[in-house]
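> File start_12.cif follows (mmCIF, C-alpha atoms):
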data_input
#
loop_
_atom_site.label_atom_id
_atom_site.label_comp_id
_atom_site.auth_asym_id
_atom_site.auth_seq_id
_atom_site.Cartn_x
_atom_site.Cartn_y
_atom_site.Cartn_z
CA MET F 1 86.47 111.07 104.84
CA LYS F 2 84.57 111.66 108.06
CA SER F 3 81.49 109.56 108.75
CA GLN F 4 79.03 109.06 111.56
CA PHE F 5 81.13 106.06 112.59
CA SER F 6 84.59 107.61 112.48
CA VAL F 7 84.66 108.81 116.10
CA LEU F 8 85.43 106.14 118.70
CA PRO F 9 82.86 105.84 121.49
CA GLU F 10 83.60 107.27 124.91
CA GLN F 11 84.32 104.73 127.61
CA ASN F 12 81.24 105.72 129.59
CA GLU F 13 79.14 104.83 126.54
CA LEU F 14 80.70 101.36 126.41
CA GLU F 15 80.09 100.80 130.12
CA ARG F 16 76.34 100.95 129.49
CA PHE F 17 76.47 97.50 127.90
CA GLU F 18 77.26 94.06 129.24
CA ARG F 19 80.05 92.68 127.07
CA ASP F 20 81.61 89.23 126.97
CA LEU F 21 85.32 90.05 126.72
CA ARG F 22 86.70 86.53 126.93
CA PHE F 23 88.77 84.89 124.23
CA HIS F 24 86.82 82.18 122.43
CA PRO F 25 89.36 79.75 120.89
CA THR F 26 88.95 78.60 117.33
CA VAL F 27 87.75 75.00 117.03
CA ASN F 28 88.20 74.00 113.40
CA PRO F 29 89.49 70.50 112.69
CA ARG F 30 89.28 71.05 108.92
CA PRO F 31 90.49 74.53 107.98
CA ARG F 32 90.37 75.22 104.26
CA VAL F 33 93.09 77.85 103.86
CA LEU F 34 95.03 78.10 107.09
CA SER F 35 96.95 75.13 108.42
CA ALA F 36 96.20 73.29 111.65
CA ARG F 37 99.45 74.73 112.97
CA GLN F 38 98.30 78.27 112.17
CA ILE F 39 95.01 77.65 113.98
CA GLU F 40 96.97 76.44 116.99
CA ARG F 41 99.26 79.47 116.76
CA PHE F 42 96.31 81.87 116.65
CA ASN F 43 94.76 80.26 119.71
CA SER F 44 98.01 80.32 121.69
CA ALA F 45 99.60 83.61 120.57
CA GLY F 46 96.52 85.61 119.54
CA PHE F 47 97.78 86.54 116.08
CA LEU F 48 99.15 85.30 112.77
CA SER F 49 101.56 87.19 110.52
CA GLY F 50 103.04 87.05 107.03
CA ILE F 51 100.04 85.65 105.11
CA ARG F 52 100.41 86.51 101.42
CA ILE F 53 97.20 87.80 99.82
CA PHE F 54 98.06 90.11 96.91
CA GLY F 55 100.81 89.71 94.36
CA ASP F 56 103.27 92.49 93.60
CA GLY F 57 101.26 93.88 90.69
CA GLU F 58 97.99 93.81 92.62
CA ILE F 59 99.36 95.60 95.66
CA ALA F 60 101.13 98.18 93.47
CA GLU F 61 97.75 99.00 91.92
CA LEU F 62 96.14 99.25 95.36
CA ARG F 63 98.96 101.49 96.54
CA ASP F 64 98.37 103.82 93.58
CA TYR F 65 94.68 103.92 94.50
CA PHE F 66 95.49 104.75 98.11
CA ASP F 67 97.91 107.49 97.05
CA ARG F 68 95.10 109.18 95.09
CA LEU F 69 92.63 108.71 97.94
CA LEU F 70 95.07 110.16 100.47
CA ALA F 71 95.76 113.17 98.25
CA SER F 72 92.04 113.92 98.03
CA VAL F 73 91.58 113.57 101.81
CA ILE F 74 94.49 115.89 102.56
CA ALA F 75 93.20 118.40 100.01
CA ALA F 76 89.88 118.36 101.89
CA GLY F 77 91.61 119.15 105.20
CA GLY F 78 92.15 115.63 106.58
CA ASP F 79 95.35 113.80 107.37
CA SER F 80 96.87 110.37 106.83
CA TYR F 81 94.83 108.86 109.70
CA SER F 82 91.47 110.33 108.63
CA ILE F 83 90.34 107.57 106.27
CA SER F 84 88.04 105.58 108.55
CA THR F 85 85.05 103.35 107.71
CA ALA F 86 86.18 103.86 104.13
CA HIS F 87 84.14 100.93 102.79
CA ALA F 88 80.99 102.95 103.44
CA ARG F 89 82.11 105.55 100.89
CA CYS F 90 84.66 103.96 98.59
CA GLY F 91 83.78 101.03 96.36
CA ARG F 92 87.41 100.01 96.00
CA VAL F 93 87.86 99.72 99.78
CA TRP F 94 84.60 97.72 99.97
CA ASP F 95 86.18 95.37 97.41
CA ILE F 96 89.26 94.89 99.59
CA LEU F 97 87.14 94.32 102.71
CA THR F 98 85.15 91.62 100.91
CA GLU F 99 88.16 90.12 99.08
CA ARG F 100 87.58 86.35 99.02
CA ARG F 101 91.22 85.48 99.80
CA ILE F 102 91.13 87.50 103.02
CA VAL F 103 87.64 86.32 103.93
CA ALA F 104 88.71 82.68 103.48
CA CYS F 105 91.44 83.10 106.11
CA VAL F 106 89.09 84.79 108.56
CA LYS F 107 86.41 82.11 108.04
CA ASP F 108 88.88 79.48 109.21
CA LEU F 109 89.14 81.39 112.50
CA LEU F 110 85.60 82.70 113.09
CA GLY F 111 83.37 80.31 111.18
CA GLU F 112 81.16 80.32 108.11
CA ASN F 113 78.78 83.11 109.11
CA LEU F 114 80.88 86.24 108.89
CA VAL F 115 80.39 90.00 108.74
CA ALA F 116 82.96 92.62 107.75
CA TRP F 117 82.36 95.94 109.47
CA GLY F 118 85.49 98.09 109.63
CA SER F 119 88.14 99.60 107.39
CA HIS F 120 90.66 102.20 108.54
CA PHE F 121 93.95 103.27 106.98
CA PHE F 122 96.78 103.74 109.49
CA CYS F 123 99.29 105.63 107.38
CA LYS F 124 102.45 106.79 109.13
CA MET F 125 104.15 109.34 106.96
CA PRO F 126 107.95 109.58 107.06
CA ARG F 127 109.11 110.99 110.42
CA ASP F 128 105.54 111.89 111.46
CA GLY F 129 106.38 111.24 115.11
CA LYS F 130 103.07 109.56 116.01
CA SER F 131 102.83 106.22 117.75
CA VAL F 132 99.97 103.81 118.37
CA ALA F 133 100.17 103.03 122.09
CA TRP F 134 99.71 99.52 123.44
CA HIS F 135 95.99 98.70 123.39
CA GLN F 136 93.31 96.08 122.82
CA ASP F 137 90.82 96.67 120.02
CA ALA F 138 88.00 95.30 122.18
CA SER F 139 88.41 98.27 124.54
CA TYR F 140 87.24 100.57 121.76
CA TRP F 141 84.46 98.50 120.18
CA PRO F 142 80.83 98.21 121.40
CA LEU F 143 80.69 94.55 120.37
CA THR F 144 79.85 91.36 122.26
CA PRO F 145 80.88 88.57 122.50
CA SER F 146 84.58 88.87 121.73
CA LYS F 147 84.57 86.94 118.46
CA ALA F 148 86.23 89.53 116.26
CA VAL F 149 89.55 89.92 114.46
CA THR F 150 91.49 92.49 112.50
CA ALA F 151 93.28 91.67 109.26
CA TRP F 152 96.09 94.22 108.84
CA LEU F 153 96.96 94.61 105.15
CA ALA F 154 100.38 96.04 104.39
CA ILE F 155 100.04 98.65 101.65
CA ASP F 156 103.75 99.43 102.06
CA ASP F 157 106.48 97.15 103.39
CA ALA F 158 106.34 97.30 107.20
CA ASP F 159 109.39 96.58 109.38
CA ARG F 160 111.07 97.80 112.54
CA GLU F 161 112.65 100.76 110.77
CA ASN F 162 109.32 102.30 109.69
CA ALA F 163 107.33 101.20 112.75
CA CYS F 164 105.59 97.91 112.02
CA VAL F 165 102.87 96.63 114.33
CA ARG F 166 104.10 94.78 117.45
CA PHE F 167 102.07 92.12 119.26
CA ILE F 168 102.26 90.72 122.77
CA ALA F 169 102.03 86.97 122.26
CA GLY F 170 99.51 85.34 124.58
CA SER F 171 98.06 88.59 125.92
CA HIS F 172 94.58 87.75 124.60
CA HIS F 173 94.23 85.18 127.39
CA GLN F 174 94.32 87.95 130.00
CA GLY F 175 90.82 89.24 129.22
CA ARG F 176 90.19 92.95 129.38
CA LEU F 177 93.29 94.83 130.52
CA THR F 178 93.46 98.05 132.50
CA TYR F 179 94.48 101.14 130.56
CA ARG F 180 94.83 104.84 131.20
CA PRO F 181 93.93 107.80 128.98
CA SER F 182 96.89 108.72 126.80
CA ASP F 183 98.83 111.87 127.61
CA PRO F 184 99.06 114.39 124.74
CA ALA F 185 102.84 114.25 125.04
CA GLU F 186 102.72 110.64 123.85
CA HIS F 187 101.52 111.72 120.38
CA ASN F 188 99.28 108.66 120.33
CA VAL F 189 97.10 108.18 117.25
CA LEU F 190 94.45 106.69 119.55
CA ASN F 191 93.60 107.66 123.14
CA GLN F 192 94.36 104.67 125.39
CA THR F 193 97.63 103.37 126.79
CA ILE F 194 98.29 100.05 128.53
CA GLU F 195 101.39 100.23 130.70
CA ASP F 196 104.24 97.69 130.94
CA PRO F 197 103.12 95.42 128.10
CA GLU F 198 105.95 92.93 128.71
CA GLN F 199 104.20 91.70 131.85
CA TYR F 200 101.55 90.13 129.61
CA GLY F 201 103.84 88.22 127.23
CA THR F 202 106.62 88.45 124.66
CA ILE F 203 106.83 91.35 122.20
CA ILE F 204 106.81 90.13 118.58
CA ASP F 205 107.41 92.41 115.58
CA SER F 206 104.96 91.82 112.72
CA VAL F 207 107.25 92.39 109.74
CA LEU F 208 105.19 92.35 106.54
CA LYS F 209 105.88 92.74 102.87
CA ALA F 210 103.37 94.82 100.92
CA GLY F 211 100.46 92.55 99.98
CA GLU F 212 100.73 90.42 103.12
CA ILE F 213 98.38 90.47 106.10
CA SER F 214 98.51 89.75 109.78
CA ILE F 215 95.40 88.69 111.68
CA HIS F 216 94.89 89.33 115.39
CA SER F 217 92.20 88.81 118.00
CA ASP F 218 90.39 91.88 119.32
CA LEU F 219 91.88 91.02 122.76
CA THR F 220 95.51 90.81 121.62
CA LEU F 221 97.65 93.62 122.99
CA HIS F 222 99.40 95.50 120.19
CA GLY F 223 100.83 98.86 119.16
CA SER F 224 103.54 100.49 117.08
CA GLU F 225 106.32 103.00 117.57
CA ALA F 226 106.64 106.35 115.84
CA ASN F 227 107.95 106.18 112.29
CA LEU F 228 111.32 107.90 112.43
CA SER F 229 112.44 106.67 109.03
CA ASN F 230 112.32 108.34 105.62
CA ARG F 231 109.85 105.69 104.39
CA ARG F 232 106.07 105.72 104.65
CA ARG F 233 104.31 102.88 106.48
CA CYS F 234 100.70 102.42 105.44
CA GLY F 235 98.40 99.62 106.51
CA LEU F 236 94.68 99.05 106.01
CA THR F 237 92.91 97.50 108.99
CA LEU F 238 89.99 95.28 108.00
CA ARG F 239 87.62 94.28 110.81
CA TYR F 240 85.52 91.10 110.93
CA CYS F 241 83.32 89.27 113.40
CA ALA F 242 80.95 86.33 113.57
CA THR F 243 77.40 87.31 112.63
CA GLU F 244 76.25 86.24 116.11
CA VAL F 245 78.11 89.23 117.57
CA ARG F 246 75.86 92.10 118.64
CA ALA F 247 76.89 95.69 117.95
CA HIS F 248 75.66 98.61 120.04
CA LEU F 249 75.65 102.35 119.22
CA ASP F 250 74.41 101.59 115.67
CA TRP F 251 77.71 100.00 114.68
CA ASN F 252 75.71 97.19 113.08
CA GLN F 253 75.01 99.70 110.31
CA LYS F 254 78.62 99.32 109.18
CA GLY F 255 78.28 95.62 108.45
CA VAL F 256 78.67 93.73 105.18
CA ILE F 257 77.84 90.00 105.16
CA VAL F 258 80.84 88.35 103.48
CA SER F 259 80.09 84.69 104.16
CA GLY F 260 77.14 82.57 105.21
CA ALA F 261 74.12 84.34 106.64
CA ASP F 262 72.94 86.63 109.40
CA ALA F 263 69.74 84.86 110.41
CA SER F 264 68.80 87.57 112.91
CA GLY F 265 69.14 90.43 110.42
CA HIS F 266 71.13 92.39 113.02
CA TRP F 267 73.79 93.59 110.56
CA ALA F 268 72.85 96.09 107.88
CA ASN F 269 74.67 94.37 105.00
CA ARG F 270 75.72 97.57 103.25
CA PRO F 271 75.82 97.49 99.44
CA ARG F 272 78.94 98.41 97.51
CA PRO F 273 79.23 102.20 97.16
CA ALA F 274 79.16 103.46 93.59
CA ASN F 275 81.98 105.91 94.32
CA ASP F 276 85.50 104.61 93.73
#
Please rewrite the model in this file as structure tokens.

Amino acid sequence: MKSQFSVLPEQNELERFERDLRFHPTVNPRPRVLSARQIERFNSAGFLSGIRIFGDGEIAELRDYFDRLLASVIAAGGDSYSISTAHARCGRVWDILTERRIVACVKDLLGENLVAWGSHFFCKMPRDGKSVAWHQDASYWPLTPSKAVTAWLAIDDADRENACVRFIAGSHHQGRLTYRPSDPAEHNVLNQTIEDPEQYGTIIDSVLKAGEISIHSDLTLHGSEANLSNRRRCGLTLRYCATEVRAHLDWNQKGVIVSGADASGHWANRPRPAND
């Protein structure tokens, strides 16, 4: 499941571009799906959690699909973290990325003109020993301005025992934070580590039932511990931004317009892949 977009850019590549890495609060006096309180919470804490999207039967069907997809990736020599930019190859993942119930929530935060551009399974197998160190998504993405969010869809139940995502409430107001390259001994799924996260706010566990999502700003500090349990913990990260956002390094080729319009034509607006 490798693609031309699956490798994260090197930091020196990102430094070539001027990027606006400030939090831009949501101003939406009439949200259609989220409540005014949720909008306020997103602006103050930088994330929302526990939003039900799929019913039990729907998420069970999606879990069966993922199980088959994972088996094929492993058979081809990949691992449980290899399924990146999956919407570019898998019609079923494209369907999830463009799912109207998820898009409606994101529209309330980012506005009518919306592009979906990322899809990556973070699947922690039982006792796999790998963590996701504290980081900001914006540090990895060649996007500007910082008007982007991730919807994290729980494929399995996610709790403290099997290493749910943890957020630092309010950290998105700090702008870009200093990080160091991760040490191999950390067994980090990614390659950046931000030290002493508690100095930036309160740690909140994002406990989700399968079929629920959390949504967080690209500036919100987050991570997860190693899964030391006997249960799998799989989540699908779905990435969205306002169509006014510019993407460097050809990342605009990932984009799918899911609401409104992209008047500039910057985003590629990928069609649904035929392959499921």
> Evaluated on this file, the PyMOL selection byres ((chain F and resi 246) around 9) picks out some residues - which ones are they, written as a PyMOL selection string?
chain F and resi 142-145+243-245+247-248+252+266-267
> If you measure from atom CA of His135 of chain F to atom CA of Thr26 of chain F, what distance in Å do you get, rounded to one decimal?
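Between atom CA of His135 of chain F and atom CA of Thr26 of chain F the gap works out to 22.1 Å.
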> Evaluate the PyMOL selection byres ((chain F and resi 276) around 8) against this structure - the residues, as a list of chain:residue names, please.
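In the shown coordinates, the PyMOL selection byres ((chain F and resi 276) around 8) covers F:Arg89, F:Cys90, F:Gly91, F:Arg92, F:Pro273, F:Ala274, F:Asn275.
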> Between atom CA of Asp137 of chain F and atom CA of Asp218 of chain F, measure the distance and give it in Å to one decimal.
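Pair atom CA of Asp137 of chain F / atom CA of Asp218 of chain F returns 4.9 Å.
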> Would you give me, as CSV, each residue of segment 135-187 of chain F having an atom within 7 Å of an atom of segment 32-53 of chain F, along with its shortest atom pair and that distance in Å to one decimal, using all atoms listed in the file and sorting by chain and residue number?

residue,atom,partner,partner_atom,distance
F:Ala169,CA,F:Ala45,CA,4.5
F:Gly170,CA,F:Ala45,CA,4.4
F:His172,CA,F:Gly46,CA,5.8
> Choose the residue, out of F:Ile215, F:Val207, F:Leu114, F:Val73, that has the smallest atom-to-atom separation from Ile257 of chain F; count only C-alpha atoms.
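So, comparing all the options, the nearest one is F:Leu114.
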> Which residues are close to Asp156 of chain F, i.e. within 9 Å by all atoms listed in the file, leaving aside same-chain residues fewer than 4 positions away? Reply as a list in words.
Ile59, Arg63, Leu208, Lys209, Ala210, Gly211, Arg232, Arg233, Cys234 and Gly235 of chain F
> Quick one: contact table of segment 33-103 of chain F to segment 188-193 of chain F, 12 Å max, nearest atom pair and distance in Å to one decimal per residue, counting all atoms listed in the file, chain and number order, as CSV?

residue,atom,partner,partner_atom,distance
F:Asp79,CA,F:Val189,CA,11.5
F:Ser80,CA,F:Val189,CA,10.7
F:Tyr81,CA,F:Val189,CA,7.9
F:Ser82,CA,F:Val189,CA,10.5
> Grab the atom CA of Asp108 of chain F to atom CA of Leu177 of chain F distance for me, in Å with one decimal place.
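Between these atoms lies a distance of 26.6 Å.
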> Within 12 Å of Asp95 of chain F, counting only C-alpha atoms, which residues qualify if same-chain residues fewer than 6 places away don't, as a PyMOL selection string?
chain F and resi 62+86-89+101-103+116+119+238+256+258+271-276
> Would you mind telling me which residue in F:Gly111, F:Arg16, F:Val165, F:Thr150 lies nearest to Cys123 of chain F when using all atoms listed in the file?
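Checking each of F:Gly111, F:Arg16, F:Val165, F:Thr150 against Cys123 of chain F, counting all atoms listed in the file, the winner is F:Val165.
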